[in-house]
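Student: Just coords_19.pdb, nothing more (PDB, C-alpha atoms):
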ATOM      1  CA  MET A 257      59.256 115.495  25.269
ATOM      2  CA  ASN A 258      59.353 116.753  21.710
ATOM      3  CA  LYS A 259      59.084 114.622  18.591
ATOM      4  CA  LYS A 260      62.850 114.317  18.096
ATOM      5  CA  GLU A 261      63.427 113.173  21.652
ATOM      6  CA  LYS A 262      60.712 110.540  21.273
ATOM      7  CA  GLN A 263      62.404 109.182  18.160
ATOM      8  CA  VAL A 264      65.793 109.013  19.922
ATOM      9  CA  ASN A 265      64.208 107.246  22.892
ATOM     10  CA  ALA A 266      62.556 104.683  20.604
ATOM     11  CA  ILE A 267      65.848 104.013  18.836
ATOM     12  CA  ASN A 268      67.635 103.498  22.171
ATOM     13  CA  LYS A 269      64.991 100.998  23.289
ATOM     14  CA  SER A 270      65.336  99.116  20.001
ATOM     15  CA  ILE A 271      69.099  98.943  20.481
ATOM     16  CA  GLU A 272      68.646  97.634  24.035
ATOM     17  CA  ALA A 273      66.200  94.981  22.780
ATOM     18  CA  LEU A 274      68.661  93.849  20.092
ATOM     19  CA  GLU A 275      71.497  93.631  22.617
ATOM     20  CA  THR A 276      69.298  91.584  24.965
ATOM     21  CA  ALA A 277      68.354  89.221  22.135
ATOM     22  CA  ARG A 278      72.022  88.871  21.162
ATOM     23  CA  ASP A 279      72.967  87.985  24.747
ATOM     24  CA  LEU A 280      70.225  85.360  24.897
ATOM     25  CA  ILE A 281      71.352  83.801  21.635
ATOM     26  CA  GLU A 282      74.993  83.663  22.776
ATOM     27  CA  ALA A 283      73.881  81.984  26.008
ATOM     28  CA  LEU A 284      72.226  79.141  24.107
ATOM     29  CA  PRO A 285      74.220  75.859  24.069
ATOM     30  CA  GLU A 286      76.246  75.419  20.910
ATOM     31  CA  LYS A 287      74.623  73.019  18.491
ATOM     32  CA  LYS A 288      76.985  70.143  17.836
ATOM     33  CA  GLU A 289      77.233  68.936  14.283
ATOM     34  CA  LYS A 290      76.463  65.247  13.993
ATOM     35  CA  PRO A 291      79.401  63.162  12.753
ATOM     36  CA  LYS A 292      78.992  61.949   9.206
ATOM     37  CA  LEU A 293      78.794  58.216   8.684
ATOM     38  CA  GLU A 294      81.403  56.753   6.329
ATOM     39  CA  ALA A 295      80.727  53.939   3.897
ATOM     40  CA  GLY A 296      82.829  50.880   4.740
ATOM     41  CA  LYS A 297      83.268  51.852   8.400
ATOM     42  CA  TRP A 298      81.862  49.905  11.344
ATOM     43  CA  TYR A 299      79.779  51.501  14.106
ATOM     44  CA  LYS A 300      78.512  50.185  17.431
ATOM     45  CA  HIS A 301      75.413  50.557  19.602
ATOM     46  CA  ASN A 302      74.642  48.446  22.680
ATOM     47  CA  GLU A 303      75.368  44.829  21.621
ATOM     48  CA  GLY A 304      75.485  45.580  17.913
ATOM     49  CA  VAL A 305      78.076  46.400  15.261
ATOM     50  CA  ILE A 306      77.102  47.375  11.724
ATOM     51  CA  CYS A 307      78.889  48.282   8.512
ATOM     52  CA  CYS A 308      77.722  51.475   6.814
ATOM     53  CA  THR A 309      77.217  51.022   3.077
ATOM     54  CA  GLY A 310      75.975  54.551   2.417
ATOM     55  CA  GLU A 311      74.918  57.562   4.494
ATOM     56  CA  GLY A 312      71.688  58.129   2.595
ATOM     57  CA  ALA A 313      70.101  61.530   2.010
ATOM     58  CA  GLU A 314      71.452  64.317   4.226
ATOM     59  CA  SER A 315      67.924  65.226   5.320
ATOM     60  CA  SER A 316      67.058  61.609   6.170
ATOM     61  CA  LYS A 317      67.215  60.186   9.692
ATOM     62  CA  TYR A 318      68.262  56.805   8.285
ATOM     63  CA  PHE A 319      71.231  55.307   6.458
ATOM     64  CA  ASN A 320      72.232  52.101   4.637
ATOM     65  CA  ALA A 321      74.032  49.300   6.460
ATOM     66  CA  TYR A 322      74.094  45.633   7.480
ATOM     67  CA  GLY A 323      75.250  43.791  10.571
ATOM     68  CA  LEU A 324      74.203  43.039  14.129
ATOM     69  CA  ASN A 325      71.527  45.343  15.546
ATOM     70  CA  GLY A 326      71.524  46.723  19.081
ATOM     71  CA  SER A 327      70.126  43.436  20.378
ATOM     72  CA  GLY A 328      72.867  41.406  18.672
ATOM     73  CA  GLU A 329      70.626  40.021  15.910
ATOM     74  CA  TRP A 330      71.921  39.830  12.337
ATOM     75  CA  MET A 331      70.197  42.106   9.821
ATOM     76  CA  ASP A 332      70.808  42.007   6.081
ATOM     77  CA  LYS A 333      71.379  45.166   4.051
ATOM     78  CA  SER A 334      68.671  47.799   4.468
ATOM     79  CA  ASP A 335      68.254  51.580   4.468
ATOM     80  CA  MET A 336      66.363  51.754   7.767
ATOM     81  CA  TRP A 337      69.191  52.196  10.267
ATOM     82  CA  TYR A 338      68.605  55.212  12.541
ATOM     83  CA  LYS A 339      71.536  57.640  12.392
ATOM     84  CA  ASP A 340      71.223  58.943  15.960
ATOM     85  CA  TYR A 341      71.877  55.456  17.420
ATOM     86  CA  TRP A 342      75.030  54.636  15.450
ATOM     87  CA  THR A 343      77.477  57.465  16.117
ATOM     88  CA  LYS A 344      80.362  55.574  17.765
ATOM     89  CA  LYS A 345      82.938  53.820  15.615
ATOM     90  CA  ALA A 346      83.660  50.195  16.505
ATOM     91  CA  SER A 347      87.257  49.044  16.931
ATOM     92  CA  ASN A 348      88.730  46.274  14.786
ATOM     93  CA  LYS A 349      88.721  43.981  17.814
ATOM     94  CA  GLU A 350      85.049  44.676  18.569
ATOM     95  CA  VAL A 351      84.106  43.943  14.958
ATOM     96  CA  GLU A 352      86.178  40.750  14.854
ATOM     97  CA  GLN A 353      84.761  39.398  18.109
ATOM     98  CA  ALA A 354      81.165  40.140  17.081
ATOM     99  CA  LEU A 355      81.507  38.614  13.605
ATOM    100  CA  ILE A 356      83.297  35.479  14.819
ATOM    101  CA  LYS A 357      80.598  34.972  17.452
ATOM    102  CA  GLU A 358      77.921  35.286  14.751
ATOM    103  CA  ALA A 359      79.829  32.909  12.451
ATOM    104  CA  LYS A 360      79.965  30.260  15.186
ATOM    105  CA  ARG A 361      76.266  30.769  15.940
ATOM    106  CA  ARG A 362      75.558  30.020  12.271
ATOM    107  CA  GLY A 363      77.444  26.721  12.523
ATOM    108  CA  PHE A 364      80.760  27.602  10.882
ATOM    109  CA  LYS A 365      83.488  25.495  12.479
ATOM    110  CA  GLU A 366      86.323  23.123  11.618
ATOM    111  CA  GLY A 367      85.266  20.234   9.391
ATOM    112  CA  VAL A 368      82.188  21.991   7.964
ATOM    113  CA  LYS A 369      81.842  22.068   4.185
ATOM    114  CA  ILE A 370      80.798  25.432   2.765
ATOM    115  CA  LYS A 371      80.181  27.354  -0.420
ATOM    116  CA  ASP A 372      82.378  30.467  -0.350
ATOM    117  CA  ALA A 373      80.568  33.811   0.113
ATOM    118  CA  ARG A 374      82.689  35.613  -2.450
ATOM    119  CA  GLY A 375      83.426  33.336  -5.374
ATOM    120  CA  GLY A 376      81.244  30.296  -4.754
ATOM    121  CA  ASP A 377      84.219  27.949  -4.222
ATOM    122  CA  ILE A 378      83.433  24.827  -2.222
ATOM    123  CA  GLY A 379      85.723  23.586   0.526
ATOM    124  CA  ILE A 380      86.045  22.458   4.129
ATOM    125  CA  ILE A 381      86.935  24.755   7.020
ATOM    126  CA  ARG A 382      90.375  23.685   8.264
ATOM    127  CA  CYS A 383      91.382  26.174  10.951
ATOM    128  CA  ASN A 384      90.223  28.913  13.291
ATOM    129  CA  ILE A 385      88.065  31.675  11.849
ATOM    130  CA  ARG A 386      89.724  35.069  11.574
ATOM    131  CA  THR A 387      89.015  38.404   9.933
ATOM    132  CA  GLY A 388      90.669  39.612   6.767
ATOM    133  CA  SER A 389      90.411  42.865   4.847
ATOM    134  CA  HIS A 390      87.321  44.998   5.518
ATOM    135  CA  ASP A 391      84.642  42.567   6.743
ATOM    136  CA  GLN A 392      85.758  39.227   5.319
ATOM    137  CA  LEU A 393      85.978  36.328   7.719
ATOM    138  CA  ILE A 394      88.615  34.121   6.151
ATOM    139  CA  VAL A 395      89.474  30.537   7.022
ATOM    140  CA  SER A 396      92.185  28.229   5.718
ATOM    141  CA  GLU A 397      90.469  25.863   3.303
ATOM    142  CA  SER A 398      92.835  23.027   2.494
ATOM    143  CA  ARG A 399      96.319  21.586   2.573
ATOM    144  CA  GLN A 400      96.987  23.356  -0.735
ATOM    145  CA  GLY A 401      96.684  26.728   1.024
ATOM    146  CA  HIS A 402      93.456  27.867  -0.610
ATOM    147  CA  TYR A 403      91.151  30.142   1.350
ATOM    148  CA  LEU A 404      87.416  30.358   1.866
ATOM    149  CA  VAL A 405      85.539  33.566   2.714
ATOM    150  CA  LEU A 406      82.708  33.275   5.221
ATOM    151  CA  LEU A 407      81.434  36.854   4.943
ATOM    152  CA  SER A 408      81.773  39.339   2.102
ATOM    153  CA  ASP A 409      79.854  42.594   1.647
ATOM    154  CA  GLY A 410      77.148  41.441   4.039
ATOM    155  CA  LYS A 411      76.681  38.042   2.401
ATOM    156  CA  TRP A 412      77.389  34.854   4.370
ATOM    157  CA  ALA A 413      78.780  31.621   2.981
ATOM    158  CA  GLU A 414      76.430  28.670   2.601
ATOM    159  CA  ILE A 415      76.860  25.538   4.707
ATOM    160  CA  ILE A 416      76.608  22.369   2.613
ATOM    161  CA  LYS A 417      74.926  19.617   4.588
ATOM    162  CA  GLU A 418      76.069  16.107   3.793
ATOM    163  CA  GLN A 419      75.562  12.639   5.192
ATOM    164  CA  PRO A 420      78.107  11.924   7.958
ATOM    165  CA  LEU A 421      81.261  10.237   6.705
ATOM    166  CA  THR A 422      81.674   6.811   8.283
ATOM    167  CA  LEU A 423      84.220   4.003   8.326
ATOM    168  CA  ASN A 424      83.251   0.543   9.626
ATOM    169  CA  GLY A 425      80.210   2.127  11.257
ATOM    170  CA  HIS A 426      82.227   4.836  13.037
ATOM    171  CA  GLU A 427      81.732   8.507  12.188
ATOM    172  CA  VAL A 428      84.789  10.199  10.692
ATOM    173  CA  THR A 429      85.345  13.800  11.840
ATOM    174  CA  ILE A 430      88.022  16.440  11.456
ATOM    175  CA  GLU A 431      89.290  18.336  14.498
ATOM    176  CA  GLY A 432      92.053  20.762  13.695
ATOM    177  CA  ASN A 433      94.566  18.785  11.662
ATOM    178  CA  THR A 434      93.521  15.407  13.037
ATOM    179  CA  ILE A 435      91.175  12.747  11.657
ATOM    180  CA  LYS A 436      89.070  11.060  14.331
ATOM    181  CA  ILE A 437      87.302   7.762  13.752
ATOM    182  CA  GLY A 438      84.684   7.316  16.409
ATOM    183  CA  CYS A 439      86.239   8.665  19.586
ATOM    184  CA  LYS A 440      89.831   7.844  18.621
ATOM    185  CA  ASP A 441      92.450  10.055  17.010
ATOM    186  CA  PHE A 442      93.531   8.172  13.913
ATOM    187  CA  TYR A 443      95.878  10.271  11.804
ATOM    188  CA  ASN A 444      97.290  13.686  11.121
ATOM    189  CA  LEU A 445      95.711  14.816   7.817
ATOM    190  CA  GLU A 446      98.991  14.993   5.929
ATOM    191  CA  ASP A 447     100.242  11.685   7.315
ATOM    192  CA  PHE A 448      96.900  10.036   6.595
ATOM    193  CA  ASN A 449      97.024  11.190   2.980
ATOM    194  CA  THR A 450     100.581   9.879   2.613
ATOM    195  CA  PHE A 451      99.607   6.565   4.245
ATOM    196  CA  VAL A 452      96.630   5.959   1.945
ATOM    197  CA  SER A 453      98.630   6.998  -1.137
ATOM    198  CA  SER A 454     101.274   4.426  -0.169
ATOM    199  CA  LEU A 455      98.627   1.684   0.180
ATOM    200  CA  VAL A 456      97.327   2.500  -3.288
ATOM    201  CA  PHE A 457     100.853   2.658  -4.764
ATOM    202  CA  PHE A 458     101.865  -0.729  -3.363
ATOM    203  CA  GLY A 459      98.521  -2.339  -4.166
ATOM    204  CA  VAL A 460      97.562  -3.103  -0.559
ATOM    205  CA  SER A 461      93.838  -3.910  -0.416
ATOM    206  CA  THR A 462      93.241  -4.034   3.362
ATOM    207  CA  VAL A 463      94.878  -2.795   6.543
ATOM    208  CA  VAL A 464      94.259  -3.465  10.245
ATOM    209  CA  GLY A 465      93.324  -0.360  12.231
ATOM    210  CA  PRO A 466      92.396   0.420  15.865
ATOM    211  CA  ASP A 467      88.754  -0.552  15.290
ATOM    212  CA  GLY A 468      89.099  -3.417  12.880
ATOM    213  CA  THR A 469      90.110  -4.029   9.297
ATOM    214  CA  TYR A 470      89.748  -1.246   6.718
ATOM    215  CA  THR A 471      89.797  -1.569   2.967
ATOM    216  CA  THR A 472      92.109   0.706   1.042
ATOM    217  CA  GLU A 473      89.161   1.697  -1.135
ATOM    218  CA  ASP A 474      87.211   2.971   1.900
ATOM    219  CA  LEU A 475      90.234   4.891   3.155
ATOM    220  CA  LYS A 476      90.674   6.430  -0.282
ATOM    221  CA  LYS A 477      87.036   7.566  -0.244
ATOM    222  CA  ILE A 478      87.775   9.517   2.932
ATOM    223  CA  ILE A 479      90.673  11.264   1.186
ATOM    224  CA  ASP A 480      88.451  12.059  -1.798
ATOM    225  CA  LYS A 481      85.809  13.526   0.533
ATOM    226  CA  LEU A 482      88.396  15.715   2.237
ATOM    227  CA  GLU A 483      89.843  17.134  -0.949
TER     228      GLU A 483
END
Could you render the structure from this file as structure tokens?
Tutor:
Amino acid sequence: MNKKEKQVNAINKSIEALETARDLIEALPEKKEKPKLEAGKWYKHNEGVICCTGEGAESSKYFNAYGLNGSGEWMDKSDMWYKDYWTKKASNKEVEQALIKEAKRRGFKEGVKIKDARGGDIGIIRCNIRTGSHDQLIVSESRQGHYLVLLSDGKWAEIIKEQPLTLNGHEVTIEGNTIKIGCKDFYNLEDFNTFVSSLVFFGVSTVVGPDGTYTTEDLKKIIDKLE
């Protein structure tokens, strides 16, 4: 084999090697691009749902978020959420159910007095908890139609603990739209307010109720507490 033939043979072998390498590369599984996390969107993993507040650096394995971790425990805002775990978007229903469950675990329920998470307004929870825009858990606050926000941008409302309201030694509680004194339903909130206002207007100082005699002044204090 002369020098020229050797060169041609070497070139052919190089071509064969390149073709083999190309075939091997094409046979490799296609690398899937990881979905990008979107700020303001909710993602799920095991028992958790979290709200992404920022994807973080592209080279980082972590991103910014808050919410319920994979074990269902609430975590405040941090930048240590692992991207590979949180790739599935959570549905609105999944987010609502998880947040309402967490709200109830924290003690938010009808009759509880709270300091609003968004504006700091103070009021009493009057109806069932429900979700509003984005991540806000909103509840009807009062007869005037004001609203309280339980959760806003990862921040929860504050429960204001007070001494139990009592009347003639019986605890006064609110269940739905009904005032209960002891174990008895006493009045619808609106009717109760009208009743007490009438007592004040006509100058009535006492009234006989299901558990004894009540003073108008004590009944008025209940109204003032509920406002």
Student: In Å, rounded to a single decimal, give me how far CA of Leu324 (chain A) is from CA of Asp340 (chain A).
Tutor: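 Computing the Euclidean distance for CA of Asp340 (chain A) and CA of Leu324 (chain A) yields 16.3 Å.
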Student: Identify which of the residues A:Gly388, A:Leu475, A:Lys371, A:Gly410 lies closest to Thr422 (chain A), counting all atoms listed in the file when measuring atom-to-atom distances.
Tutor: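 Closest to Thr422 (chain A) of all the choices is A:Leu475.
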Student: Report, in Å to a single decimal, how far apart CA of Ser396 (chain A) and CA of Ile380 (chain A) are.
Tutor: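 Answer for the CA of Ile380 (chain A) to CA of Ser396 (chain A) separation: 8.6 Å.
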Student: Just give me the gap between CA of Trp337 (chain A) and CA of Glu294 (chain A) in Å, one decimal is fine.
Tutor: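 Calculated distance between CA of Trp337 (chain A) and CA of Glu294 (chain A) is 13.6 Å.
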Student: Any chance you could work out the residue set of the PyMOL selection byres ((chain A and resi 307) around 10) here, as number ranges by chain?
Tutor: A: 293-300, 305-306, 308-310, 320-324, 333, 345-346, 351, 390-391, 409-410
Student: Please enumerate the residues selected by the PyMOL selection byres ((chain A and resi 373) around 12) when evaluated against the supplied file, formatted as an mmCIF file with C-alpha atoms, in the coordinates of the input.
Tutor:
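For reference, out_8.cif as written:
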data_model
loop_
_atom_site.group_PDB
_atom_site.id
_atom_site.type_symbol
_atom_site.label_atom_id
_atom_site.label_comp_id
_atom_site.auth_asym_id
_atom_site.auth_seq_id
_atom_site.Cartn_x
_atom_site.Cartn_y
_atom_site.Cartn_z
ATOM 1 C CA ILE A 370 80.798 25.432 2.765
ATOM 2 C CA LYS A 371 80.181 27.354 -0.420
ATOM 3 C CA ASP A 372 82.378 30.467 -0.350
ATOM 4 C CA ARG A 374 82.689 35.613 -2.450
ATOM 5 C CA GLY A 375 83.426 33.336 -5.374
ATOM 6 C CA GLY A 376 81.244 30.296 -4.754
ATOM 7 C CA ASP A 377 84.219 27.949 -4.222
ATOM 8 C CA ILE A 378 83.433 24.827 -2.222
ATOM 9 C CA GLY A 379 85.723 23.586 0.526
ATOM 10 C CA ASP A 391 84.642 42.567 6.743
ATOM 11 C CA GLN A 392 85.758 39.227 5.319
ATOM 12 C CA LEU A 393 85.978 36.328 7.719
ATOM 13 C CA ILE A 394 88.615 34.121 6.151
ATOM 14 C CA VAL A 395 89.474 30.537 7.022
ATOM 15 C CA TYR A 403 91.151 30.142 1.350
ATOM 16 C CA LEU A 404 87.416 30.358 1.866
ATOM 17 C CA VAL A 405 85.539 33.566 2.714
ATOM 18 C CA LEU A 406 82.708 33.275 5.221
ATOM 19 C CA LEU A 407 81.434 36.854 4.943
ATOM 20 C CA SER A 408 81.773 39.339 2.102
ATOM 21 C CA ASP A 409 79.854 42.594 1.647
ATOM 22 C CA GLY A 410 77.148 41.441 4.039
ATOM 23 C CA LYS A 411 76.681 38.042 2.401
ATOM 24 C CA TRP A 412 77.389 34.854 4.370
ATOM 25 C CA ALA A 413 78.780 31.621 2.981
ATOM 26 C CA GLU A 414 76.430 28.670 2.601
ATOM 27 C CA ILE A 415 76.860 25.538 4.707
#
Student: How big is the axis-aligned box around the listed atoms of region 440-456 of chain A once 8 Å is added on each side, and where is its centre? Give both in Å to one decimal, as lines of an AutoDock Vina configuration file.
Tutor:
center_x = 95.6
center_y = 8.3
center_z = 7.7
size_x = 27.4
size_y = 29.3
size_z = 37.9
Student: From the options A:Ile267, A:Tyr470, A:Ile416, A:Thr462, which residue's atoms come nearest to Gly367 (chain A), counting all atoms listed in the file?
Tutor: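 Ranked by minimum distance to Gly367 (chain A), first place goes to A:Ile416.
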Student: May I have the protein, DNA and RNA residues with any atom at most 9 Å from the point (95.4, 12.5, 1.7), counting only C-alpha atoms, written as a CSV table (one decimal) with C-alpha atoms, in the coordinates of the input?
Tutor:
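Saved the output as part_13.csv:
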chain,number,residue,atom,x,y,z
A,445,LEU,CA,95.7,14.8,7.8
A,446,GLU,CA,99.0,15.0,5.9
A,447,ASP,CA,100.2,11.7,7.3
A,448,PHE,CA,96.9,10.0,6.6
A,449,ASN,CA,97.0,11.2,3.0
A,450,THR,CA,100.6,9.9,2.6
A,451,PHE,CA,99.6,6.6,4.2
A,452,VAL,CA,96.6,6.0,1.9
A,453,SER,CA,98.6,7.0,-1.1
A,476,LYS,CA,90.7,6.4,-0.3
A,478,ILE,CA,87.8,9.5,2.9
A,479,ILE,CA,90.7,11.3,1.2
A,480,ASP,CA,88.5,12.1,-1.8
A,482,LEU,CA,88.4,15.7,2.2
A,483,GLU,CA,89.8,17.1,-0.9
Student: So which residues get picked by the PyMOL selection byres ((chain A and resi 420) around 12) here, written as a list in words?
Tutor: Gly367, Val368, Lys369, Ile416, Lys417, Glu418, Gln419, Leu421, Thr422, Leu423, Gly425, His426, Glu427, Val428, Thr429, Ile430, Ile437, Gly438, Ile478 and Lys481 of chain A
Student: Now that the selection is made, can you save its residues with C-alpha atoms as an mmCIF file, in the frame of the given file?
Tutor:
data_model
loop_
_atom_site.group_PDB
_atom_site.id
_atom_site.type_symbol
_atom_site.label_atom_id
_atom_site.label_comp_id
_atom_site.auth_asym_id
_atom_site.auth_seq_id
_atom_site.Cartn_x
_atom_site.Cartn_y
_atom_site.Cartn_z
ATOM 1 C CA GLY A 367 85.266 20.234 9.391
ATOM 2 C CA VAL A 368 82.188 21.991 7.964
ATOM 3 C CA LYS A 369 81.842 22.068 4.185
ATOM 4 C CA ILE A 416 76.608 22.369 2.613
ATOM 5 C CA LYS A 417 74.926 19.617 4.588
ATOM 6 C CA GLU A 418 76.069 16.107 3.793
ATOM 7 C CA GLN A 419 75.562 12.639 5.192
ATOM 8 C CA LEU A 421 81.261 10.237 6.705
ATOM 9 C CA THR A 422 81.674 6.811 8.283
ATOM 10 C CA LEU A 423 84.220 4.003 8.326
ATOM 11 C CA GLY A 425 80.210 2.127 11.257
ATOM 12 C CA HIS A 426 82.227 4.836 13.037
ATOM 13 C CA GLU A 427 81.732 8.507 12.188
ATOM 14 C CA VAL A 428 84.789 10.199 10.692
ATOM 15 C CA THR A 429 85.345 13.800 11.840
ATOM 16 C CA ILE A 430 88.022 16.440 11.456
ATOM 17 C CA ILE A 437 87.302 7.762 13.752
ATOM 18 C CA GLY A 438 84.684 7.316 16.409
ATOM 19 C CA ILE A 478 87.775 9.517 2.932
ATOM 20 C CA LYS A 481 85.809 13.526 0.533
#
Student: Find the residue from A:Thr343, A:Thr387, A:Val463, A:Glu366 that sits nearest to Ile435 (chain A); use all atoms listed in the file when measuring.
Tutor: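 Of the candidates, the smallest distance to Ile435 (chain A) is held by A:Glu366.
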Student: Since fewer atoms than expected are present, regenerate N, CA and C atoms for region 333-351 of chain A and write them as a short mmCIF file (atom, residue, chain, number, x, y, z; two decimals), keeping the file's coordinate frame.
Tutor:
data_model
loop_
_atom_site.label_atom_id
_atom_site.label_comp_id
_atom_site.auth_asym_id
_atom_site.auth_seq_id
_atom_site.Cartn_x
_atom_site.Cartn_y
_atom_site.Cartn_z
N LYS A 333 71.32 43.78 4.51
CA LYS A 333 71.38 45.17 4.05
C LYS A 333 70.00 45.81 4.01
N SER A 334 69.91 47.03 4.55
CA SER A 334 68.67 47.80 4.47
C SER A 334 69.02 49.28 4.63
N ASP A 335 68.04 50.14 4.35
CA ASP A 335 68.25 51.58 4.47
C ASP A 335 67.46 52.16 5.63
N MET A 336 67.20 51.32 6.64
CA MET A 336 66.36 51.75 7.77
C MET A 336 67.12 51.78 9.09
N TRP A 337 68.40 52.07 9.03
CA TRP A 337 69.19 52.20 10.27
C TRP A 337 69.14 53.65 10.72
N TYR A 338 68.81 53.87 12.00
CA TYR A 338 68.60 55.21 12.54
C TYR A 338 69.94 55.86 12.88
N LYS A 339 70.23 56.99 12.26
CA LYS A 339 71.54 57.64 12.39
C LYS A 339 71.90 57.99 13.83
N ASP A 340 70.93 58.46 14.61
CA ASP A 340 71.22 58.94 15.96
C ASP A 340 71.73 57.84 16.88
N TYR A 341 71.44 56.56 16.57
CA TYR A 341 71.88 55.46 17.42
C TYR A 341 73.31 55.02 17.13
N TRP A 342 73.76 55.22 15.90
CA TRP A 342 75.03 54.64 15.45
C TRP A 342 76.06 55.74 15.18
N THR A 343 76.53 56.35 16.25
CA THR A 343 77.48 57.46 16.12
C THR A 343 78.90 57.10 16.55
N LYS A 344 79.04 55.97 17.27
CA LYS A 344 80.36 55.57 17.76
C LYS A 344 81.00 54.54 16.83
N LYS A 345 82.23 54.78 16.47
CA LYS A 345 82.94 53.82 15.62
C LYS A 345 83.36 52.61 16.44
N ALA A 346 83.24 51.43 15.84
CA ALA A 346 83.66 50.20 16.50
C ALA A 346 85.12 49.92 16.18
N SER A 347 85.85 49.39 17.15
CA SER A 347 87.26 49.04 16.93
C SER A 347 87.35 47.75 16.12
N ASN A 348 88.52 47.50 15.55
CA ASN A 348 88.73 46.27 14.79
C ASN A 348 88.48 45.04 15.65
N LYS A 349 88.90 45.11 16.90
CA LYS A 349 88.72 43.98 17.81
C LYS A 349 87.25 43.73 18.10
N GLU A 350 86.48 44.82 18.30
CA GLU A 350 85.05 44.68 18.57
C GLU A 350 84.33 44.05 17.37
N VAL A 351 84.71 44.49 16.17
CA VAL A 351 84.11 43.94 14.96
C VAL A 351 84.45 42.47 14.81
#
